[in-house]
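J.: Next up is a structure, given as structure tokens.
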Amino acid sequence: MSTESLRIVWIYPDLLSTYGDRGNLLILAHRARMRGMPVETLEVRSDQRLPTTADIYLVGGGEDGPQALGAQRLMADGGLHRAAAQGSVVFGVCAGYQLLGRSFFAKGTQCAGLDLLDLHSDRGASRAVGELAGDVDPRLAVPALTGFENHGGRTHLGPEVSPLARVTAGVGNDGVTEGAWRGKLLGTYSHGPALARNPALADLLLRWATGAGQLPPLDDSWPEKLRAERRAAVAARQ
């Protein structure tokens with residue numbers, strides 16, 4: 001972690017910024033500051049070099065064209081690979097999750113991904129739209145995942161990654177698993193934004209970034225009301 005402040009980078013907001021994913025940046029910064037951590041947030045556009053010394057990197061959702069362009073520019077830049085190799089946290093959502101893998105499809109064409117996670121994505125028979133929920137890998141010690149998904153892809157995990165969650169509602173990767181993680185790299189199809197609807201997941205990323213075993217608790221009454229509301233909505237449809 002940075003010795004001066006927690007540095008959080010939002011990657012390519014001009015390309016990868018759909019479904020309110022900027023909220024993930026806001027939630028991480030807020031939860032860190034509420035615990036007295038100094039925080040620096042950086043929004044790095046696609047025509048700028050990516051810093052390699054930040055603690056957390058966020059990659060949001062986007063349409064096919066911006067996703068493919070974002071992947072190309074991140075590969076040419078190389079900064080995210082260097083940051084991941086140095087132990088920084090990387091959190092990808094939807095298109096940002098797909099491009100962390102070996103390949104994905106955009107506008108009917110297979111595109112090379114960053115190959116940071118052992119997975120690849122292709123197209124499903126139908127679009128996955130609606131509430132997404134799942135039981136998170138118990139090793140992460142995070143409560144059940146809740147979110148909103150809107151994607152046409154299906155993601156296939158290799159042996160070097162673990163599913164983030166087992167699906168209880170929605171589609172996620174393939175109707176069985178949702179998201180993936182390895183080390184300090186984590187991806188999900190969950191919008192909402194994901195970290196607003198899953199504050200414990202935000203705290204997991206903060207613990208990874210700071211090396212803290214535990215963080216001081218916060219009053220999560222309002223996030224828990226939101227989570228209960230969305231769980232009830234899912235249950236009503238089942």
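Ligands are numbered from 1 in the order shown, residues from 1 within each chain, and chains are lettered A, B, ... in the order they appear in the structure tokens.
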Using only C-alpha atoms, which residues of range 74-123 of chain A come within 12 Å of range 142-165 of chain A, and what is the closest atom pair for each, with the distance in Å to one decimal? Give it as JSON lines, sorted by chain and residue number.
T.:
```
{"residue": "A:Phe91", "atom": "CA", "partner": "A:Leu164", "partner_atom": "CA", "distance": 11.9}
{"residue": "A:Val93", "atom": "CA", "partner": "A:Glu149", "partner_atom": "CA", "distance": 9.9}
{"residue": "A:Cys94", "atom": "CA", "partner": "A:His151", "partner_atom": "CA", "distance": 7.3}
{"residue": "A:Ala95", "atom": "CA", "partner": "A:His151", "partner_atom": "CA", "distance": 8.4}
{"residue": "A:Gly96", "atom": "CA", "partner": "A:His151", "partner_atom": "CA", "distance": 11.8}
{"residue": "A:Tyr97", "atom": "CA", "partner": "A:Thr155", "partner_atom": "CA", "distance": 9.5}
{"residue": "A:Gln98", "atom": "CA", "partner": "A:Thr155", "partner_atom": "CA", "distance": 7.4}
{"residue": "A:Leu99", "atom": "CA", "partner": "A:Thr155", "partner_atom": "CA", "distance": 10.8}
{"residue": "A:Leu100", "atom": "CA", "partner": "A:Thr155", "partner_atom": "CA", "distance": 11.3}
{"residue": "A:Gly101", "atom": "CA", "partner": "A:Thr155", "partner_atom": "CA", "distance": 9.1}
{"residue": "A:Arg102", "atom": "CA", "partner": "A:Gly158", "partner_atom": "CA", "distance": 10.2}
{"residue": "A:Ser103", "atom": "CA", "partner": "A:Thr155", "partner_atom": "CA", "distance": 9.8}
{"residue": "A:Phe104", "atom": "CA", "partner": "A:Gly153", "partner_atom": "CA", "distance": 8.1}
{"residue": "A:Phe105", "atom": "CA", "partner": "A:Gly153", "partner_atom": "CA", "distance": 7.7}
{"residue": "A:Ala106", "atom": "CA", "partner": "A:Gly153", "partner_atom": "CA", "distance": 9.4}
{"residue": "A:Lys107", "atom": "CA", "partner": "A:Gly152", "partner_atom": "CA", "distance": 10.9}
{"residue": "A:Gly108", "atom": "CA", "partner": "A:Gly153", "partner_atom": "CA", "distance": 11.1}
{"residue": "A:Gln110", "atom": "CA", "partner": "A:Gly153", "partner_atom": "CA", "distance": 11.7}
{"residue": "A:Asp115", "atom": "CA", "partner": "A:Gly158", "partner_atom": "CA", "distance": 11.5}
{"residue": "A:Leu116", "atom": "CA", "partner": "A:Val161", "partner_atom": "CA", "distance": 10.2}
{"residue": "A:Leu117", "atom": "CA", "partner": "A:Val161", "partner_atom": "CA", "distance": 6.8}
{"residue": "A:Asp118", "atom": "CA", "partner": "A:Gly158", "partner_atom": "CA", "distance": 5.1}
{"residue": "A:Leu119", "atom": "CA", "partner": "A:Leu157", "partner_atom": "CA", "distance": 4.4}
{"residue": "A:His120", "atom": "CA", "partner": "A:His156", "partner_atom": "CA", "distance": 5.5}
{"residue": "A:Ser121", "atom": "CA", "partner": "A:Thr155", "partner_atom": "CA", "distance": 4.2}
{"residue": "A:Asp122", "atom": "CA", "partner": "A:Arg154", "partner_atom": "CA", "distance": 5.4}
{"residue": "A:Arg123", "atom": "CA", "partner": "A:Gly153", "partner_atom": "CA", "distance": 4.4}
```
J.: What are the DSSP strand (DSSP E or B) residues of range 64-169 of chain A, as a PyMOL selection string?
T.: chain A and resi 89-93+103-106+109-112+119-136+145-157+162+165-169
J.: Residues within 10 Å of Val167 in chain A, please, as a list in words. Count only C-alpha atoms; anything in the same chain fewer than 5 positions from it doesn't count.
T.: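 Here the answer would be Leu132, Ala133, Gly134, Asp135, Val136, Ala144, Leu145, Gly172, Asn173, Asp174, Gly175, Val176, Thr177, Glu178 and Gly179 of chain A.
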J.: Excluding Thr53 in chain A and its own-chain neighbours fewer than 3 positions away, which residues fall within 12 Å of it when counting only C-alpha atoms? Please give them as a list of chain:residue names.
T.: A:Met1, A:Ser2, A:Thr3, A:Glu4, A:Ser5, A:Leu6, A:Arg7, A:Ile8, A:Val9, A:Glu40, A:Leu42, A:Leu50, A:Ile56, A:Tyr57, A:Gly79, A:Leu80, A:His81, A:Arg82, A:Ala83, A:Ala84, A:Ala85, A:Gln86, A:Gly87, A:Ser88, A:Val89, A:Ala209
J.: Give me the residues within 9 Å of Ile27 in chain A as a list in words, counting only C-alpha atoms and dropping any in the same chain fewer than 5 places off.
T.: Arg22, Ala32, Leu195, Ala196, Pro199 and Ala202 of chain A
J.: Could you tell me how far CA of Leu226 in chain A sits from CA of Val90 in chain A, in Å to one decimal place?
T.: 25.4 Å
J.: What is the CA of Pro138 in chain A to CA of Arg31 in chain A distance in Å?
T.: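 According to the coordinates, CA of Pro138 in chain A and CA of Arg31 in chain A are separated by 22.6 Å.
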J.: Can you tell me, as a CSV table (one decimal) with C-alpha atoms, in the first residue's frame, what residues are no more than 7 Å from Tyr12 in chain A when counting only C-alpha atoms, ignoring any on the same chain fewer than 3 positions away?
T.:
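The result, stored in result00.csv:
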```csv
chain,number,residue,atom,x,y,z
A,15,LEU,CA,-14.9,4.2,-22.3
A,16,LEU,CA,-16.0,1.9,-19.4
A,44,VAL,CA,-7.5,7.9,-15.8
A,45,ARG,CA,-8.9,8.4,-19.3
A,46,SER,CA,-8.0,6.2,-22.3
```
J.: Just checking: using only C-alpha atoms, which residue out of A:Thr52, A:Leu114, A:Leu205, A:Thr109 ends up closest to Gln72 in chain A?
T.: A:Leu114
J.: As a list in words, please: the residues near Pro13 in chain A (cut-off 12 Å, only C-alpha atoms, same-chain neighbours under 6 positions excluded).
T.: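 Answer for this query is Tyr19, Gly20, Asp21, Arg22, Gly23, Leu25, Leu42, Glu43, Val44, Arg45, Ser46, Asp47, Gln48, Leu58, Val59, Gly60, Gly61, Gly62, Pro66, Gln67, Gly70 and Gly96 of chain A.
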J.: Could you work out how far CA of Ala233 in chain A lies from CA of Val129 in chain A, giving the answer in Å with one decimal?
T.: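 Distance between the two atoms: 14.6 Å.
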J.: Of the residues A:Ala76, A:Ala236, A:Ala112, A:Leu140, which is the one nearest to Trp181 in chain A, using only C-alpha atoms?
T.: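 Ranking A:Ala76, A:Ala236, A:Ala112, A:Leu140 by distance to Trp181 in chain A, first place goes to A:Leu140.
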